[in-house]
Amino acid sequence: MVHSPLIITCAPVGAELTRDICPALPLSPDEIALAAEDAVSAGAAIIHLHVRDKDGNPSQSVEIFDKVTTKIKNRCDCIIQYSTGGAVGSPLQKRLDPLVLNPEMATLSMGTMNFGAEIYENSQKTITALATIMQEKNIRPELEIFDLGMLESVQRYVKNGVLPEKYHLDFVLGVPGGMAATISNLVLLTDRLDVSQTWTVAALGRFQLPMTAHAIAMGGHVRVGFEDNIYFRRGELAESNSQLVARITRLAGELERPVVTVAEARDILGLAVTVQR
Ligand code: KMH
Ligand code: ZN
């Protein structure tokens, strides 16, 4: 695991944040594209993409996803991973809609949970519908695991042929209602995995830094960005998404995990290199 290449994902926007609490939050297509370019320059290979409408509200509009995707691609090469989670309460059809644009990757949340005061619905029907369309369109899913039971259910979907045998996971830790962002939880989760599977950690708030540091040491991959954490250090807001990515790149250097190129990330994740969408 030491010396193995590290994939950094940046989640620059999310669906929950507002400018009131995060003044540097990119919202317009140009702002999101610029944030993505800066994050990629700082070391990110994957951009986990949510988009906003002209009023800054979370949106699953195909037109906006298309616009932002084009703007990002005009600025840099990276793996664009669409959110199919959207905002809590987004109807299934809206969550599916952007997949018509054939992104290289998309997220797939693996179960229903309390998400703060709300319910984030991911029934078997929802998971199967999203996974099936991704399989049909050769879109690589990233399986979002918020709790242990979600990881344990992955095997059922593999057995049914709904998910591929080799998969990539994102352990999203620290959501109120999900698994806490602790080292022992991360060890519990990763102990259940076959070494052929790849995994990332996205930890919320103040847990982002220690959990990403541990993931780097454990041989996993990491996600940072405003969607999960808006602080650079205690009491100090991050100036930008790229500031958070750059810190991971520095940490990775110290821990001898070379940060991947985008081509290497495609190779590790089994993305078709010839399909440049
Ligand atoms: N906004 C959360 C309710 C994803 O992008 O796939 C869901 C989420 C997961 O952010
Ligand atoms: Zn997301």
# chains A, B, ... in the order shown; residues from 1 in each chain; ligands from 1
>>> residues_around(residues="region 192-198 of chain A", least_positions_apart="6", cutoff="10 Å", atoms="only C-alpha atoms", output="list in words")
Glu142, Leu148, Leu151, Glu152, Glu165, Lys166, Tyr167, His168, Leu169, Asp170, Gly219, Gly220, His221, Ile268 and Leu269 of chain A
>>> residues_near_ligand(ligand="ligand 2", cutoff="7 Å", atoms="only C-alpha atoms and all ligand atoms", output="list of chain:residue names")
A:Ala11, A:Gly14, A:Ala15, A:His48, A:Leu49, A:His50, A:Ser83, A:Gly85, A:Gly86, A:Glu227
>>> write_last_selection(atoms="N, CA and C atoms", output="mmCIF file, in the first residue's frame")
data_model
loop_
_atom_site.group_PDB
_atom_site.id
_atom_site.type_symbol
_atom_site.label_atom_id
_atom_site.label_comp_id
_atom_site.auth_asym_id
_atom_site.auth_seq_id
_atom_site.Cartn_x
_atom_site.Cartn_y
_atom_site.Cartn_z
ATOM 1 N N ALA A 11 -15.000 17.188 -4.475
ATOM 2 C CA ALA A 11 -16.456 17.398 -4.532
ATOM 3 C C ALA A 11 -16.690 18.884 -4.259
ATOM 4 N N GLY A 14 -21.624 20.051 -3.907
ATOM 5 C CA GLY A 14 -22.642 19.373 -3.115
ATOM 6 C C GLY A 14 -24.023 19.950 -3.345
ATOM 7 N N ALA A 15 -24.965 19.482 -2.554
ATOM 8 C CA ALA A 15 -26.354 19.918 -2.723
ATOM 9 C C ALA A 15 -26.881 20.650 -1.496
ATOM 10 N N HIS A 48 -16.385 15.083 -8.463
ATOM 11 C CA HIS A 48 -17.728 14.611 -8.114
ATOM 12 C C HIS A 48 -18.671 15.801 -8.288
ATOM 13 N N LEU A 49 -19.577 15.661 -9.246
ATOM 14 C CA LEU A 49 -20.306 16.847 -9.710
ATOM 15 C C LEU A 49 -21.772 16.908 -9.288
ATOM 16 N N HIS A 50 -22.088 17.963 -8.570
ATOM 17 C CA HIS A 50 -23.469 18.431 -8.396
ATOM 18 C C HIS A 50 -23.534 19.758 -9.136
ATOM 19 N N SER A 83 -23.313 13.167 -9.700
ATOM 20 C CA SER A 83 -24.096 12.738 -8.544
ATOM 21 C C SER A 83 -25.451 12.250 -9.031
ATOM 22 N N GLY A 85 -27.269 11.146 -6.471
ATOM 23 C CA GLY A 85 -27.947 11.307 -5.183
ATOM 24 C C GLY A 85 -28.750 12.591 -5.172
ATOM 25 N N GLY A 86 -28.208 13.598 -5.876
ATOM 26 C CA GLY A 86 -28.869 14.902 -5.899
ATOM 27 C C GLY A 86 -29.004 15.457 -4.492
ATOM 28 N N GLU A 227 -18.242 20.051 -0.535
ATOM 29 C CA GLU A 227 -19.439 19.241 -0.269
ATOM 30 C C GLU A 227 -19.366 18.584 1.115
#
>>> closest_atom_pairs(of="chain A", to="ligand 1", cutoff="10 Å", atoms="only C-alpha atoms and all ligand atoms", output="JSON lines")
{"residue": "A:Ala11", "atom": "CA", "partner": "ligand 1", "partner_atom_place_in_ligand_line": "5 (O)", "distance": 8.8}
{"residue": "A:Val13", "atom": "CA", "partner": "ligand 1", "partner_atom_place_in_ligand_line": "10 (O)", "distance": 9.5}
{"residue": "A:Gly14", "atom": "CA", "partner": "ligand 1", "partner_atom_place_in_ligand_line": "10 (O)", "distance": 5.9}
{"residue": "A:Ala15", "atom": "CA", "partner": "ligand 1", "partner_atom_place_in_ligand_line": "1 (N)", "distance": 5.0}
{"residue": "A:Glu16", "atom": "CA", "partner": "ligand 1", "partner_atom_place_in_ligand_line": "1 (N)", "distance": 6.3}
{"residue": "A:Leu17", "atom": "CA", "partner": "ligand 1", "partner_atom_place_in_ligand_line": "1 (N)", "distance": 9.6}
{"residue": "A:His48", "atom": "CA", "partner": "ligand 1", "partner_atom_place_in_ligand_line": "5 (O)", "distance": 7.3}
{"residue": "A:Leu49", "atom": "CA", "partner": "ligand 1", "partner_atom_place_in_ligand_line": "5 (O)", "distance": 7.5}
{"residue": "A:His50", "atom": "CA", "partner": "ligand 1", "partner_atom_place_in_ligand_line": "5 (O)", "distance": 6.9}
{"residue": "A:Pro58", "atom": "CA", "partner": "ligand 1", "partner_atom_place_in_ligand_line": "1 (N)", "distance": 9.0}
{"residue": "A:Gln81", "atom": "CA", "partner": "ligand 1", "partner_atom_place_in_ligand_line": "5 (O)", "distance": 9.0}
{"residue": "A:Tyr82", "atom": "CA", "partner": "ligand 1", "partner_atom_place_in_ligand_line": "5 (O)", "distance": 7.4}
{"residue": "A:Ser83", "atom": "CA", "partner": "ligand 1", "partner_atom_place_in_ligand_line": "5 (O)", "distance": 4.0}
{"residue": "A:Thr84", "atom": "CA", "partner": "ligand 1", "partner_atom_place_in_ligand_line": "6 (O)", "distance": 5.0}
{"residue": "A:Gly85", "atom": "CA", "partner": "ligand 1", "partner_atom_place_in_ligand_line": "6 (O)", "distance": 3.6}
{"residue": "A:Gly86", "atom": "CA", "partner": "ligand 1", "partner_atom_place_in_ligand_line": "1 (N)", "distance": 5.1}
{"residue": "A:Ala87", "atom": "CA", "partner": "ligand 1", "partner_atom_place_in_ligand_line": "1 (N)", "distance": 4.3}
{"residue": "A:Val88", "atom": "CA", "partner": "ligand 1", "partner_atom_place_in_ligand_line": "3 (C)", "distance": 4.3}
{"residue": "A:Gly89", "atom": "CA", "partner": "ligand 1", "partner_atom_place_in_ligand_line": "3 (C)", "distance": 7.8}
{"residue": "A:Ser90", "atom": "CA", "partner": "ligand 1", "partner_atom_place_in_ligand_line": "3 (C)", "distance": 8.5}
{"residue": "A:Arg95", "atom": "CA", "partner": "ligand 1", "partner_atom_place_in_ligand_line": "6 (O)", "distance": 9.2}
{"residue": "A:Ala106", "atom": "CA", "partner": "ligand 1", "partner_atom_place_in_ligand_line": "6 (O)", "distance": 7.6}
{"residue": "A:Thr107", "atom": "CA", "partner": "ligand 1", "partner_atom_place_in_ligand_line": "6 (O)", "distance": 4.6}
{"residue": "A:Leu108", "atom": "CA", "partner": "ligand 1", "partner_atom_place_in_ligand_line": "6 (O)", "distance": 5.8}
{"residue": "A:Ser109", "atom": "CA", "partner": "ligand 1", "partner_atom_place_in_ligand_line": "6 (O)", "distance": 5.8}
{"residue": "A:Met110", "atom": "CA", "partner": "ligand 1", "partner_atom_place_in_ligand_line": "6 (O)", "distance": 9.6}
{"residue": "A:Met113", "atom": "CA", "partner": "ligand 1", "partner_atom_place_in_ligand_line": "3 (C)", "distance": 9.8}
{"residue": "A:Asn114", "atom": "CA", "partner": "ligand 1", "partner_atom_place_in_ligand_line": "3 (C)", "distance": 9.9}
{"residue": "A:Phe115", "atom": "CA", "partner": "ligand 1", "partner_atom_place_in_ligand_line": "3 (C)", "distance": 7.1}
{"residue": "A:Gly116", "atom": "CA", "partner": "ligand 1", "partner_atom_place_in_ligand_line": "3 (C)", "distance": 9.7}
{"residue": "A:Glu118", "atom": "CA", "partner": "ligand 1", "partner_atom_place_in_ligand_line": "3 (C)", "distance": 9.2}
{"residue": "A:Ile119", "atom": "CA", "partner": "ligand 1", "partner_atom_place_in_ligand_line": "3 (C)", "distance": 8.7}
{"residue": "A:Tyr120", "atom": "CA", "partner": "ligand 1", "partner_atom_place_in_ligand_line": "3 (C)", "distance": 5.9}
{"residue": "A:Glu121", "atom": "CA", "partner": "ligand 1", "partner_atom_place_in_ligand_line": "3 (C)", "distance": 8.7}
{"residue": "A:Pro141", "atom": "CA", "partner": "ligand 1", "partner_atom_place_in_ligand_line": "6 (O)", "distance": 10.0}
{"residue": "A:Glu142", "atom": "CA", "partner": "ligand 1", "partner_atom_place_in_ligand_line": "6 (O)", "distance": 8.5}
{"residue": "A:Leu143", "atom": "CA", "partner": "ligand 1", "partner_atom_place_in_ligand_line": "6 (O)", "distance": 8.5}
{"residue": "A:Glu144", "atom": "CA", "partner": "ligand 1", "partner_atom_place_in_ligand_line": "6 (O)", "distance": 6.7}
{"residue": "A:Ile145", "atom": "CA", "partner": "ligand 1", "partner_atom_place_in_ligand_line": "9 (C)", "distance": 9.6}
{"residue": "A:Phe146", "atom": "CA", "partner": "ligand 1", "partner_atom_place_in_ligand_line": "9 (C)", "distance": 9.5}
{"residue": "A:Asp170", "atom": "CA", "partner": "ligand 1", "partner_atom_place_in_ligand_line": "6 (O)", "distance": 9.8}
{"residue": "A:Val172", "atom": "CA", "partner": "ligand 1", "partner_atom_place_in_ligand_line": "9 (C)", "distance": 8.8}
{"residue": "A:Val175", "atom": "CA", "partner": "ligand 1", "partner_atom_place_in_ligand_line": "2 (C)", "distance": 9.7}
{"residue": "A:Glu227", "atom": "CA", "partner": "ligand 1", "partner_atom_place_in_ligand_line": "10 (O)", "distance": 7.7}
{"residue": "A:Asp228", "atom": "CA", "partner": "ligand 1", "partner_atom_place_in_ligand_line": "10 (O)", "distance": 9.0}
>>> write_last_selection(atoms="C-alpha atoms", output="short mmCIF file (atom, residue, chain, number, x, y, z; two decimals), in the first residue's frame")
data_model
loop_
_atom_site.label_atom_id
_atom_site.label_comp_id
_atom_site.auth_asym_id
_atom_site.auth_seq_id
_atom_site.Cartn_x
_atom_site.Cartn_y
_atom_site.Cartn_z
CA ALA A 11 -16.46 17.40 -4.53
CA VAL A 13 -20.29 21.99 -4.56
CA GLY A 14 -22.64 19.37 -3.11
CA ALA A 15 -26.35 19.92 -2.72
CA GLU A 16 -26.68 21.12 0.84
CA LEU A 17 -24.43 24.16 1.18
CA HIS A 48 -17.73 14.61 -8.11
CA LEU A 49 -20.31 16.85 -9.71
CA HIS A 50 -23.47 18.43 -8.40
CA PRO A 58 -29.45 22.14 -6.25
CA GLN A 81 -18.47 11.73 -11.77
CA TYR A 82 -22.12 12.80 -11.76
CA SER A 83 -24.10 12.74 -8.54
CA THR A 84 -27.20 10.59 -8.84
CA GLY A 85 -27.95 11.31 -5.18
CA GLY A 86 -28.87 14.90 -5.90
CA ALA A 87 -30.42 16.60 -2.90
CA VAL A 88 -32.42 14.75 -0.27
CA GLY A 89 -35.91 14.26 -1.71
CA SER A 90 -34.90 14.43 -5.40
CA ARG A 95 -31.66 11.54 -10.30
CA ALA A 106 -21.68 8.34 -11.44
CA THR A 107 -22.45 7.79 -7.78
CA LEU A 108 -24.78 5.08 -6.52
CA SER A 109 -25.90 5.29 -2.91
CA MET A 110 -26.36 1.83 -1.46
CA MET A 113 -30.83 6.40 5.82
CA ASN A 114 -31.62 9.31 8.05
CA PHE A 115 -29.69 12.27 6.66
CA GLY A 116 -29.73 14.83 9.42
CA GLU A 118 -34.43 14.15 6.61
CA ILE A 119 -34.66 10.77 4.94
CA TYR A 120 -32.31 9.99 2.06
CA GLU A 121 -34.26 7.39 0.14
CA PRO A 141 -20.59 3.46 -10.54
CA GLU A 142 -18.94 4.63 -7.35
CA LEU A 143 -20.84 2.90 -4.56
CA GLU A 144 -21.60 5.36 -1.76
CA ILE A 145 -21.46 3.58 1.59
CA PHE A 146 -22.81 5.55 4.53
CA ASP A 170 -16.72 5.59 -1.33
CA VAL A 172 -18.95 8.57 3.36
CA VAL A 175 -23.32 12.07 8.19
CA GLU A 227 -19.44 19.24 -0.27
CA ASP A 228 -17.99 17.46 2.78
#
>>> atom_distance(atom1="CA of Leu188 (chain A)", atom2="CA of Ser123 (chain A)")
24.1 Å
>>> residues_around(residues="Asn102 (chain A)", least_positions_apart="2", cutoff="12 Å", atoms="only C-alpha atoms", output="ChimeraX atom specification")
/A:62,65-66,69,79-82,96-100,104-106,133-141,275-277
>>> decode(residues="region 216-247 of chain A", atoms="N, CA and C atoms", output="compact mmCIF listing (two decimals), in the first residue's frame")
# COMPACT_ATOMS: atom_id res chain seq x y z
N ILE A 216 -4.92 7.52 3.43
CA ILE A 216 -3.67 7.53 2.65
C ILE A 216 -2.72 6.49 3.22
N ALA A 217 -2.60 6.46 4.54
CA ALA A 217 -1.69 5.49 5.18
C ALA A 217 -2.16 4.05 4.97
N MET A 218 -3.48 3.86 4.84
CA MET A 218 -4.02 2.50 4.70
C MET A 218 -4.05 2.01 3.26
N GLY A 219 -3.70 2.87 2.33
CA GLY A 219 -3.70 2.43 0.93
C GLY A 219 -4.99 2.73 0.18
N GLY A 220 -5.89 3.49 0.81
CA GLY A 220 -7.13 3.87 0.12
C GLY A 220 -6.95 5.15 -0.67
N HIS A 221 -8.06 5.62 -1.20
CA HIS A 221 -8.08 6.88 -1.94
C HIS A 221 -8.91 7.88 -1.13
N VAL A 222 -8.89 9.14 -1.55
CA VAL A 222 -9.53 10.15 -0.70
C VAL A 222 -10.38 11.14 -1.50
N ARG A 223 -11.38 11.68 -0.80
CA ARG A 223 -12.19 12.76 -1.38
C ARG A 223 -12.18 13.94 -0.44
N VAL A 224 -11.97 15.12 -1.00
CA VAL A 224 -12.11 16.36 -0.23
C VAL A 224 -12.94 17.33 -1.06
N GLY A 225 -13.20 18.49 -0.48
CA GLY A 225 -14.00 19.50 -1.18
C GLY A 225 -15.10 20.02 -0.31
N PHE A 226 -15.67 21.14 -0.75
CA PHE A 226 -16.67 21.83 0.07
C PHE A 226 -17.90 20.98 0.37
N GLU A 227 -18.24 20.05 -0.53
CA GLU A 227 -19.44 19.24 -0.27
C GLU A 227 -19.37 18.58 1.11
N ASP A 228 -18.15 18.20 1.52
CA ASP A 228 -17.99 17.46 2.78
C ASP A 228 -17.45 18.33 3.91
N ASN A 229 -16.71 19.36 3.56
CA ASN A 229 -16.02 20.14 4.60
C ASN A 229 -15.67 21.52 4.06
N ILE A 230 -15.98 22.55 4.83
CA ILE A 230 -15.71 23.91 4.34
C ILE A 230 -14.54 24.58 5.08
N TYR A 231 -13.98 23.89 6.07
CA TYR A 231 -12.89 24.49 6.87
C TYR A 231 -11.52 23.99 6.44
N PHE A 232 -10.56 24.90 6.47
CA PHE A 232 -9.18 24.48 6.23
C PHE A 232 -8.56 24.00 7.54
N ARG A 233 -8.79 24.77 8.57
CA ARG A 233 -8.41 24.33 9.92
C ARG A 233 -9.43 24.92 10.89
N ARG A 234 -9.31 24.56 12.14
CA ARG A 234 -10.31 24.99 13.14
C ARG A 234 -10.52 26.50 13.08
N GLY A 235 -11.77 26.92 12.87
CA GLY A 235 -12.12 28.34 12.88
C GLY A 235 -11.72 29.09 11.63
N GLU A 236 -11.16 28.41 10.63
CA GLU A 236 -10.71 29.09 9.41
C GLU A 236 -11.32 28.41 8.17
N LEU A 237 -12.20 29.14 7.51
CA LEU A 237 -12.82 28.57 6.30
C LEU A 237 -11.76 28.34 5.23
N ALA A 238 -11.95 27.30 4.43
CA ALA A 238 -11.05 27.09 3.28
C ALA A 238 -11.32 28.20 2.27
N GLU A 239 -10.26 28.64 1.61
CA GLU A 239 -10.42 29.69 0.59
C GLU A 239 -11.02 29.13 -0.69
N SER A 240 -10.72 27.88 -0.95
CA SER A 240 -11.14 27.27 -2.22
C SER A 240 -11.09 25.75 -2.06
N ASN A 241 -11.71 25.08 -3.02
CA ASN A 241 -11.60 23.63 -3.06
C ASN A 241 -10.15 23.20 -3.31
N SER A 242 -9.47 23.96 -4.16
CA SER A 242 -8.10 23.54 -4.52
C SER A 242 -7.16 23.63 -3.32
N GLN A 243 -7.46 24.51 -2.39
CA GLN A 243 -6.63 24.59 -1.18
C GLN A 243 -6.70 23.25 -0.41
N LEU A 244 -7.90 22.68 -0.37
CA LEU A 244 -8.07 21.39 0.32
C LEU A 244 -7.39 20.26 -0.45
N VAL A 245 -7.48 20.31 -1.78
CA VAL A 245 -6.82 19.28 -2.60
C VAL A 245 -5.31 19.39 -2.45
N ALA A 246 -4.79 20.61 -2.49
CA ALA A 246 -3.33 20.81 -2.44
C ALA A 246 -2.76 20.26 -1.13
N ARG A 247 -3.52 20.39 -0.05
CA ARG A 247 -3.01 19.84 1.22
C ARG A 247 -2.88 18.32 1.14
